file query_34.txt (compact mmCIF, C-alpha atoms and all ligand atoms)
# COMPACT_ATOMS: atom_id res chain seq x y z
CA MET A 237 164.41 150.70 -241.57
CA PRO A 238 162.64 153.28 -239.39
CA THR A 239 162.96 157.03 -239.93
CA GLN A 240 164.24 159.23 -237.10
CA GLN A 241 160.70 160.12 -236.07
CA ALA A 242 159.41 156.53 -236.13
CA PHE A 243 162.48 155.31 -234.24
CA TRP A 244 162.24 157.90 -231.45
CA ASP A 245 158.46 157.59 -231.17
CA ARG A 246 158.87 153.86 -230.64
CA VAL A 247 161.67 154.01 -228.06
CA ALA A 248 160.49 157.14 -226.18
CA ARG A 249 159.20 155.46 -222.99
CA LYS A 250 162.26 153.19 -222.77
CA TYR A 251 164.62 156.15 -223.38
CA ALA A 252 162.86 158.16 -220.64
CA ALA A 253 163.17 155.32 -218.14
CA ARG A 254 166.91 154.86 -218.73
CA PRO A 255 169.21 156.69 -216.29
CA ILE A 256 171.75 159.15 -217.75
CA ARG A 257 174.72 156.93 -218.72
CA ASP A 258 177.54 159.16 -217.45
CA MET A 259 176.28 161.60 -214.82
CA ALA A 260 179.67 163.27 -214.30
CA ALA A 261 179.91 164.04 -218.05
CA TYR A 262 176.32 165.31 -218.09
CA ASP A 263 176.95 167.56 -215.08
CA ALA A 264 180.13 168.91 -216.71
CA THR A 265 178.11 169.70 -219.86
CA MET A 266 175.53 171.58 -217.81
CA VAL A 267 178.14 173.54 -215.84
CA ARG A 268 179.97 174.59 -219.04
CA THR A 269 176.64 175.44 -220.75
CA ARG A 270 175.47 177.61 -217.86
CA ALA A 271 178.72 179.58 -218.03
CA HIS A 272 177.52 180.83 -221.45
CA LEU A 273 173.90 181.62 -220.47
CA HIS A 274 172.42 184.87 -219.20
CA PRO A 275 169.10 185.17 -217.30
CA ARG A 276 167.85 187.54 -220.05
CA ASP A 277 168.49 184.98 -222.81
CA ARG A 278 165.70 183.60 -224.99
CA ALA A 279 166.71 180.17 -226.20
CA LEU A 280 165.71 177.41 -228.59
CA GLU A 281 166.57 173.74 -228.07
CA LEU A 282 166.72 171.31 -231.00
CA GLY A 283 166.09 167.60 -230.41
CA CYS A 284 165.08 168.16 -226.78
CA GLY A 285 163.97 164.54 -226.33
CA THR A 286 162.17 163.97 -223.03
CA GLY A 287 163.03 167.46 -221.75
CA THR A 288 165.54 166.58 -219.02
CA THR A 289 168.03 169.22 -220.13
CA ALA A 290 165.35 171.79 -220.94
CA LEU A 291 164.03 171.50 -217.37
CA ARG A 292 167.53 171.80 -216.01
CA LEU A 293 168.41 174.93 -218.04
CA ALA A 294 165.09 176.82 -218.13
CA PRO A 295 165.63 178.35 -214.64
CA HIS A 296 168.80 180.00 -216.01
CA LEU A 297 167.02 181.59 -219.01
CA ALA A 298 164.23 184.12 -219.64
CA HIS A 299 162.48 181.63 -221.96
CA LEU A 300 163.21 178.32 -223.62
CA THR A 301 161.39 176.83 -226.61
CA ALA A 302 162.26 173.14 -226.75
CA THR A 303 161.61 171.30 -230.03
CA ASP A 304 161.76 167.72 -231.24
CA ILE A 305 160.63 165.71 -234.25
CA SER A 306 159.06 163.01 -232.04
CA GLY A 307 155.58 163.54 -230.62
CA GLU A 308 156.13 160.69 -228.14
CA MET A 309 159.34 162.19 -226.76
CA LEU A 310 157.57 165.57 -226.45
CA ALA A 311 154.58 164.01 -224.66
CA ILE A 312 156.95 162.79 -221.94
CA ALA A 313 158.73 166.18 -221.85
CA ARG A 314 155.40 167.96 -221.40
CA GLU A 315 154.38 165.58 -218.57
CA LYS A 316 157.69 166.28 -216.80
CA ALA A 317 157.38 170.06 -217.28
CA ALA A 318 153.81 170.04 -215.92
CA ARG A 319 154.94 168.08 -212.84
CA ALA A 320 157.83 170.54 -212.32
CA GLY A 321 155.55 173.59 -212.83
CA ALA A 322 158.01 175.06 -215.36
CA GLU A 323 156.55 178.37 -216.57
CA ASN A 324 159.12 179.75 -218.98
CA LEU A 325 159.33 176.59 -221.06
CA ALA A 326 157.33 175.81 -224.22
CA PHE A 327 157.49 172.72 -226.42
CA ALA A 328 156.90 172.38 -230.16
CA GLN A 329 157.03 169.41 -232.52
CA ALA A 330 159.32 170.53 -235.31
CA THR A 331 162.42 169.76 -237.32
CA VAL A 332 165.08 172.45 -237.53
CA SER A 333 163.72 173.82 -240.79
CA ALA A 334 160.27 174.32 -239.22
CA ALA A 335 161.48 175.47 -235.78
CA PRO A 336 159.70 178.59 -234.45
CA THR A 337 161.70 181.67 -235.45
CA GLY A 338 161.34 183.28 -232.02
CA PRO A 339 161.94 186.90 -231.08
CA ALA A 340 163.46 189.42 -233.53
CA PRO A 341 166.33 189.71 -234.29
CA GLY A 342 166.69 186.04 -233.31
CA TYR A 343 167.38 183.76 -230.35
CA ASP A 344 170.23 184.55 -227.98
CA VAL A 345 171.07 180.85 -227.72
CA VAL A 346 170.38 177.66 -229.68
CA LEU A 347 171.05 174.39 -227.85
CA ALA A 348 171.44 170.91 -229.38
CA TYR A 349 172.61 167.95 -227.31
CA ASN A 350 173.18 164.46 -228.75
CA PHE A 351 171.59 165.71 -231.92
CA LEU A 352 173.84 166.59 -234.88
CA GLN A 353 175.09 163.00 -235.33
CA LEU A 354 171.48 162.11 -236.21
CA ILE A 355 171.15 164.74 -238.93
CA ALA A 356 171.67 163.82 -242.59
CA ASP A 357 172.48 167.34 -243.84
CA ILE A 358 174.51 169.02 -241.10
CA PRO A 359 175.63 172.08 -243.17
CA GLN A 360 171.99 172.88 -243.99
CA THR A 361 171.04 172.52 -240.30
CA LEU A 362 173.92 174.75 -239.21
CA ALA A 363 172.91 177.40 -241.78
CA ARG A 364 169.40 177.36 -240.31
CA VAL A 365 170.77 177.65 -236.75
CA HIS A 366 172.85 180.62 -237.90
CA ASP A 367 169.69 182.25 -239.32
CA LEU A 368 167.72 181.60 -236.12
CA LEU A 369 170.32 183.32 -233.93
CA ALA A 370 170.60 187.04 -233.26
CA PRO A 371 173.99 188.59 -234.09
CA GLY A 372 176.33 187.61 -231.27
CA GLY A 373 174.08 184.64 -230.38
CA ARG A 374 175.60 181.35 -229.22
CA PHE A 375 175.15 177.84 -230.56
CA ILE A 376 175.87 175.32 -227.79
CA SER A 377 175.97 171.70 -228.85
CA LYS A 378 177.19 168.28 -227.83
CA THR A 379 177.62 165.69 -230.57
CA VAL A 380 178.57 162.04 -230.44
CA CYS A 381 181.76 161.80 -232.54
CA LEU A 382 182.50 158.15 -233.22
CA GLY A 383 185.17 158.98 -235.80
CA ARG A 384 185.23 158.57 -239.53
CA HIS A 385 187.24 155.34 -239.54
CA ALA A 386 185.47 153.29 -236.86
CA TRP A 387 184.70 150.39 -239.21
CA HIS A 388 183.89 147.90 -236.46
CA LEU A 389 181.42 150.33 -234.87
CA ARG A 390 179.85 151.00 -238.27
CA ALA A 391 179.21 147.29 -238.67
CA VAL A 392 177.60 147.04 -235.22
CA VAL A 393 175.41 150.11 -235.85
CA ALA A 394 174.39 148.81 -239.29
CA LEU A 395 173.31 145.55 -237.67
CA LEU A 396 171.38 147.37 -234.93
CA ARG A 397 169.74 149.59 -237.55
CA ALA A 398 168.68 146.58 -239.57
CA VAL A 399 166.75 145.24 -236.56
CA GLY A 400 165.33 148.67 -235.68
CA LYS A 401 167.47 149.13 -232.56
CA ALA A 402 169.46 152.18 -233.69
CA PRO A 403 168.43 155.39 -235.47
CA PRO A 404 170.05 156.64 -238.69
CA LEU A 405 173.47 157.79 -237.43
CA ARG A 406 176.44 159.76 -238.84
CA PHE A 407 180.03 158.80 -238.07
CA LEU A 408 181.77 162.12 -237.51
CA SER A 409 185.15 163.17 -236.21
CA ALA A 410 185.31 166.17 -233.87
CA GLU A 411 187.58 167.92 -236.39
CA GLU A 412 185.06 167.39 -239.21
CA LEU A 413 182.23 168.65 -236.99
CA GLU A 414 184.12 171.79 -235.97
CA ALA A 415 185.09 172.50 -239.58
CA MET A 416 181.38 172.39 -240.52
CA ILE A 417 180.49 174.73 -237.63
CA ARG A 418 183.16 177.22 -238.76
CA ALA A 419 182.11 176.91 -242.41
CA ALA A 420 178.56 177.90 -241.38
CA GLY A 421 179.94 181.25 -240.20
CA PHE A 422 180.48 180.61 -236.49
CA GLU A 423 183.53 181.27 -234.37
CA ILE A 424 184.28 178.56 -231.83
CA LEU A 425 184.62 179.82 -228.25
CA GLU A 426 185.04 176.59 -226.31
CA THR A 427 185.29 172.85 -226.83
CA GLY A 428 185.44 169.83 -224.55
CA ASP A 429 184.85 166.08 -224.46
CA TYR A 430 182.13 165.05 -221.98
CA PRO A 431 182.83 162.13 -221.92
CA ALA A 432 186.03 161.42 -223.83
CA ARG A 433 184.91 157.83 -224.63
CA PRO A 434 182.75 157.42 -226.53
CA ARG A 435 183.73 160.92 -227.63
CA SER A 436 180.98 163.43 -227.08
CA ARG A 437 182.14 166.78 -228.39
CA PHE A 438 180.90 169.88 -226.59
CA VAL A 439 181.20 173.01 -228.73
CA VAL A 440 180.23 176.57 -227.89
CA ALA A 441 180.15 178.68 -231.04
CA ARG A 442 179.17 182.28 -231.67
CA LYS A 443 177.54 184.02 -234.59
CA PRO A 444 179.65 187.17 -235.08
CA ALA A 445 177.94 190.32 -233.88
CA ASN A 446 178.44 192.16 -237.18
CA VAL A 447 176.79 189.64 -239.54
CA PRO A 448 173.85 191.10 -241.53
CA PRO A 449 170.79 188.83 -241.87
CA ARG A 450 170.77 186.49 -244.91
CA ALA A 451 168.95 187.95 -247.93
C1 LIG B 1 169.62 161.04 -228.69
S1 LIG B 1 168.10 161.90 -228.45
C2 LIG B 1 168.71 163.25 -227.47
C3 LIG B 1 167.65 163.90 -226.64
C4 LIG B 1 168.18 164.98 -225.70
N1 LIG B 1 168.72 166.11 -226.43
C5 LIG B 1 169.23 164.38 -224.80
O1 LIG B 1 170.40 164.78 -224.87
O2 LIG B 1 168.85 163.51 -224.01
C6 LIG B 1 167.87 162.70 -230.02
C7 LIG B 1 166.56 163.45 -230.15
O3 LIG B 1 166.60 164.16 -231.39
C8 LIG B 1 165.33 164.04 -232.01
N2 LIG B 1 165.53 164.20 -233.46
C9 LIG B 1 166.12 163.36 -234.33
N3 LIG B 1 166.15 163.89 -235.57
C10 LIG B 1 165.53 165.09 -235.50
C11 LIG B 1 165.25 166.13 -236.43
N4 LIG B 1 165.59 166.04 -237.71
N5 LIG B 1 164.61 167.24 -235.99
C12 LIG B 1 164.26 167.36 -234.68
N6 LIG B 1 164.49 166.42 -233.74
C13 LIG B 1 165.14 165.30 -234.14
C14 LIG B 1 164.83 162.67 -231.62
O4 LIG B 1 163.43 162.57 -231.72
C15 LIG B 1 165.34 162.55 -230.19
O5 LIG B 1 164.40 162.99 -229.25

call {"tool": "encode", "arguments": {"input": "query_34.txt", "output": "structure tokens"}}
result
Amino acid sequence: MPTQQAFWDRVARKYAARPIRDMAAYDATMVRTRAHLHPRDRALELGCGTGTTALRLAPHLAHLTATDISGEMLAIAREKAARAGAENLAFAQATVSAAPTGPAPGYDVVLAYNFLQLIADIPQTLARVHDLLAPGGRFISKTVCLGRHAWHLRAVVALLRAVGKAPPLRFLSAEELEAMIRAAGFEILETGDYPARPRSRFVVARKPANVPPRA
């Protein structure tokens, strides 16, 4: 079965050609995200894919570094950014553990859309996000939450994975996800479901302002 990188490299052109499945939910995500951004913010995006969201949010930020594990997804993102003439947007091929550390004392915002459900070790990823953020920084994410008990869906996904048509995928509940975000040291400021079915959990979380850097 393909790894995340091999899967996304292979499907990149097809993924880029597909229209956004639920435009109203996407627009709601962008509106709620922008409410938490400031034009002075320096941001990092994890799993940026083909850069659609990075291009949409970069005009509302001082700078955005958009990262992804897949070179093919990034190649498309770079093509789109060049066509758009985006100047405050940089791309880097990296997993979370190798993501550029950015400005001291850390990023103002870390973004991750349709991403955490693909990650094997979510607590480790959240700890890294916490480290990458400045005190008071925000972690804004949207995660597909198919639920822990969706046995029929698990069977379908297992079948799709076996024929290389789905990436490695976690079955999370929104409650489980939010508990992991809190356990990583964040306070949750806002949540929403965009869309409600299949549940895509939007979470805005904040690293407390008085947290000293990890030793
Ligand atoms: C479902 S796509 C979402 C892309 C984009 N965020 C969006 O909402 O359209 C997931 C992306 O995460 C990337 N990805 C998967 N695992 C990753 C990892 N461990 N580190 C960095 N990127 C990863 C994939 O290459 C893919 O581009």

call {"tool": "residues_around", "arguments": {"input": "query_34.txt", "residues": "segment 247-258 of chain A", "least_positions_apart": "4", "cutoff": "7 Å", "atoms": "only C-alpha atoms", "output": "PyMOL selection string"}}
result
chain A and resi 243+262+286+308-309

call {"tool": "axis_aligned_box", "arguments": {"input": "query_34.txt", "around": "ligand LIG 1 (chain B)", "padding_each_side": "5 Å", "output": "lines of an AutoDock Vina configuration file"}}
result
center_x = 166.9
center_y = 164.2
center_z = -230.9
size_x = 17.0
size_y = 16.3
size_z = 23.7

call {"tool": "atom_distance", "arguments": {"input": "query_34.txt", "atom1": "atom CA of Leu300 of chain A", "atom2": "atom CA of Ala415 of chain A"}}
result
27.7 Å

call {"tool": "residues_around", "arguments": {"input": "query_34.txt", "residues": "Val393 of chain A", "least_positions_apart": "4", "cutoff": "12 Å", "atoms": "all atoms listed in the file", "output": "PyMOL selection string"}}
result
chain A and resi 382+386-389+397-407

call {"tool": "residues_near_ligand", "arguments": {"input": "query_34.txt", "ligand": "ligand LIG 1 (chain B)", "cutoff": "7 Å", "atoms": "only C-alpha atoms and all ligand atoms", "output": "JSON list (two decimals) with C-alpha atoms, in the frame of the given file"}}
result
[["chain", "number", "residue", "atom", "x", "y", "z"],
["A", 240, "GLN", "CA", 164.24, 159.23, -237.10],
["A", 241, "GLN", "CA", 160.70, 160.12, -236.07],
["A", 244, "TRP", "CA", 162.24, 157.90, -231.45],
["A", 282, "LEU", "CA", 166.72, 171.31, -231.00],
["A", 283, "GLY", "CA", 166.09, 167.60, -230.41],
["A", 284, "CYS", "CA", 165.08, 168.16, -226.78],
["A", 285, "GLY", "CA", 163.97, 164.54, -226.33],
["A", 286, "THR", "CA", 162.17, 163.97, -223.03],
["A", 287, "GLY", "CA", 163.03, 167.46, -221.75],
["A", 288, "THR", "CA", 165.54, 166.58, -219.02],
["A", 289, "THR", "CA", 168.03, 169.22, -220.13],
["A", 303, "THR", "CA", 161.61, 171.30, -230.03],
["A", 304, "ASP", "CA", 161.76, 167.72, -231.24],
["A", 305, "ILE", "CA", 160.63, 165.71, -234.25],
["A", 306, "SER", "CA", 159.06, 163.01, -232.04],
["A", 309, "MET", "CA", 159.34, 162.19, -226.76],
["A", 330, "ALA", "CA", 159.32, 170.53, -235.31],
["A", 331, "THR", "CA", 162.42, 169.76, -237.32],
["A", 332, "VAL", "CA", 165.08, 172.45, -237.53],
["A", 348, "ALA", "CA", 171.44, 170.91, -229.38],
["A", 349, "TYR", "CA", 172.61, 167.95, -227.31],
["A", 350, "ASN", "CA", 173.18, 164.46, -228.75],
["A", 351, "PHE", "CA", 171.59, 165.71, -231.92],
["A", 354, "LEU", "CA", 171.48, 162.11, -236.21],
["A", 355, "ILE", "CA", 171.15, 164.74, -238.93]]

call {"tool": "residues_near_point", "arguments": {"input": "query_34.txt", "point": "(172.6, 183.0, -239.1)", "cutoff": "10 Å", "atoms": "only C-alpha atoms", "output": "PDB file with C-alpha atoms, in the frame of the given file"}}
result
ATOM      1  CA  GLY A 342     166.690 186.040-233.310  1.00  0.00           C
ATOM      2  CA  LEU A 362     173.920 174.750-239.210  1.00  0.00           C
ATOM      3  CA  ALA A 363     172.910 177.400-241.780  1.00  0.00           C
ATOM      4  CA  ARG A 364     169.400 177.360-240.310  1.00  0.00           C
ATOM      5  CA  VAL A 365     170.770 177.650-236.750  1.00  0.00           C
ATOM      6  CA  HIS A 366     172.850 180.620-237.900  1.00  0.00           C
ATOM      7  CA  ASP A 367     169.690 182.250-239.320  1.00  0.00           C
ATOM      8  CA  LEU A 368     167.720 181.600-236.120  1.00  0.00           C
ATOM      9  CA  LEU A 369     170.320 183.320-233.930  1.00  0.00           C
ATOM     10  CA  ALA A 370     170.600 187.040-233.260  1.00  0.00           C
ATOM     11  CA  PRO A 371     173.990 188.590-234.090  1.00  0.00           C
ATOM     12  CA  GLY A 372     176.330 187.610-231.270  1.00  0.00           C
ATOM     13  CA  GLY A 373     174.080 184.640-230.380  1.00  0.00           C
ATOM     14  CA  ALA A 420     178.560 177.900-241.380  1.00  0.00           C
ATOM     15  CA  GLY A 421     179.940 181.250-240.200  1.00  0.00           C
ATOM     16  CA  PHE A 422     180.480 180.610-236.490  1.00  0.00           C
ATOM     17  CA  ARG A 442     179.170 182.280-231.670  1.00  0.00           C
ATOM     18  CA  LYS A 443     177.540 184.020-234.590  1.00  0.00           C
ATOM     19  CA  PRO A 444     179.650 187.170-235.080  1.00  0.00           C
ATOM     20  CA  VAL A 447     176.790 189.640-239.540  1.00  0.00           C
ATOM     21  CA  PRO A 448     173.850 191.100-241.530  1.00  0.00           C
ATOM     22  CA  PRO A 449     170.790 188.830-241.870  1.00  0.00           C
ATOM     23  CA  ARG A 450     170.770 186.490-244.910  1.00  0.00           C
TER      24      ARG A 450
END

call {"tool": "atom_distance", "arguments": {"input": "query_34.txt", "atom1": "atom CA of Val380 of chain A", "atom2": "atom CA of Val440 of chain A"}}
result
14.8 Å

call {"tool": "atom_distance", "arguments": {"input": "query_34.txt", "atom1": "atom CA of Lys378 of chain A", "atom2": "atom CA of Met266 of chain A"}}
result
10.7 Å

call {"tool": "residues_around", "arguments": {"input": "query_34.txt", "residues": "Arg270 of chain A", "least_positions_apart": "6", "cutoff": "12 Å", "atoms": "only C-alpha atoms", "output": "tab-separated table (two decimals) with C-alpha atoms, keeping the file's coordinate frame"}}
result
chain	number	residue	atom	x	y	z
A	263	ASP	CA	176.95	167.56	-215.08
A	264	ALA	CA	180.13	168.91	-216.71
A	277	ASP	CA	168.49	184.98	-222.81
A	289	THR	CA	168.03	169.22	-220.13
A	292	ARG	CA	167.53	171.80	-216.01
A	293	LEU	CA	168.41	174.93	-218.04
A	294	ALA	CA	165.09	176.82	-218.13
A	295	PRO	CA	165.63	178.35	-214.64
A	296	HIS	CA	168.80	180.00	-216.01
A	297	LEU	CA	167.02	181.59	-219.01
A	345	VAL	CA	171.07	180.85	-227.72
A	347	LEU	CA	171.05	174.39	-227.85
A	374	ARG	CA	175.60	181.35	-229.22
A	376	ILE	CA	175.87	175.32	-227.79
A	440	VAL	CA	180.23	176.57	-227.89

call {"tool": "closest_residue", "arguments": {"input": "query_34.txt", "among": "A:Gln360, A:Asn324, A:Ser377, A:Thr301", "to": "Thr269 of chain A", "atoms": "all atoms listed in the file"}}
result
A:Ser377

call {"tool": "closest_residue", "arguments": {"input": "query_34.txt", "among": "A:Glu414, A:Ala261, A:Val267, A:Thr337", "to": "Ala432 of chain A", "atoms": "only C-alpha atoms"}}
result
A:Ala261

call {"tool": "closest_residue", "arguments": {"input": "query_34.txt", "among": "A:Leu352, A:Arg319, A:Arg437, A:Thr361", "to": "Ala334 of chain A", "atoms": "all atoms listed in the file"}}
result
A:Thr361

call {"tool": "closest_residue", "arguments": {"input": "query_34.txt", "among": "A:Asp344, A:Gly428, A:Glu423, A:Ala279", "to": "Phe327 of chain A", "atoms": "all atoms listed in the file"}}
result
A:Ala279

call {"tool": "closest_residue", "arguments": {"input": "query_34.txt", "among": "A:Arg314, A:Arg276, A:His385, A:His299", "to": "Leu408 of chain A", "atoms": "only C-alpha atoms"}}
result
A:His385

call {"tool": "build_atoms", "arguments": {"input": "query_34.txt", "residues": "segment 401-412 of chain A", "atoms": "N, CA and C atoms", "output": "mmCIF file, keeping the file's coordinate frame"}}
result
data_model
loop_
_atom_site.group_PDB
_atom_site.id
_atom_site.type_symbol
_atom_site.label_atom_id
_atom_site.label_comp_id
_atom_site.auth_asym_id
_atom_site.auth_seq_id
_atom_site.Cartn_x
_atom_site.Cartn_y
_atom_site.Cartn_z
ATOM 1 N N LYS A 401 167.022 148.777 -233.912
ATOM 2 C CA LYS A 401 167.470 149.130 -232.560
ATOM 3 C C LYS A 401 168.428 150.310 -232.514
ATOM 4 N N ALA A 402 168.645 150.951 -233.657
ATOM 5 C CA ALA A 402 169.460 152.180 -233.690
ATOM 6 C C ALA A 402 168.856 153.118 -234.722
ATOM 7 N N PRO A 403 168.949 154.425 -234.480
ATOM 8 C CA PRO A 403 168.430 155.390 -235.470
ATOM 9 C C PRO A 403 169.455 155.593 -236.574
ATOM 10 N N PRO A 404 169.062 156.224 -237.703
ATOM 11 C CA PRO A 404 170.050 156.640 -238.690
ATOM 12 C C PRO A 404 171.116 157.493 -237.996
ATOM 13 N N LEU A 405 172.393 157.192 -238.225
ATOM 14 C CA LEU A 405 173.470 157.790 -237.430
ATOM 15 C C LEU A 405 174.651 158.146 -238.323
ATOM 16 N N ARG A 406 175.237 159.347 -238.108
ATOM 17 C CA ARG A 406 176.440 159.760 -238.840
ATOM 18 C C ARG A 406 177.683 159.410 -238.033
ATOM 19 N N PHE A 407 178.735 159.034 -238.719
ATOM 20 C CA PHE A 407 180.030 158.800 -238.070
ATOM 21 C C PHE A 407 180.907 160.016 -238.346
ATOM 22 N N LEU A 408 181.042 160.864 -237.337
ATOM 23 C CA LEU A 408 181.770 162.120 -237.510
ATOM 24 C C LEU A 408 183.037 162.105 -236.670
ATOM 25 N N SER A 409 184.032 162.877 -237.106
ATOM 26 C CA SER A 409 185.150 163.170 -236.210
ATOM 27 C C SER A 409 184.890 164.568 -235.642
ATOM 28 N N ALA A 410 185.500 164.851 -234.478
ATOM 29 C CA ALA A 410 185.310 166.170 -233.870
ATOM 30 C C ALA A 410 185.854 167.258 -234.799
ATOM 31 N N GLU A 411 186.945 166.941 -235.497
ATOM 32 C CA GLU A 411 187.580 167.920 -236.390
ATOM 33 C C GLU A 411 186.631 168.261 -237.551
ATOM 34 N N GLU A 412 186.012 167.217 -238.096
ATOM 35 C CA GLU A 412 185.060 167.390 -239.210
ATOM 36 C C GLU A 412 183.863 168.240 -238.741
#
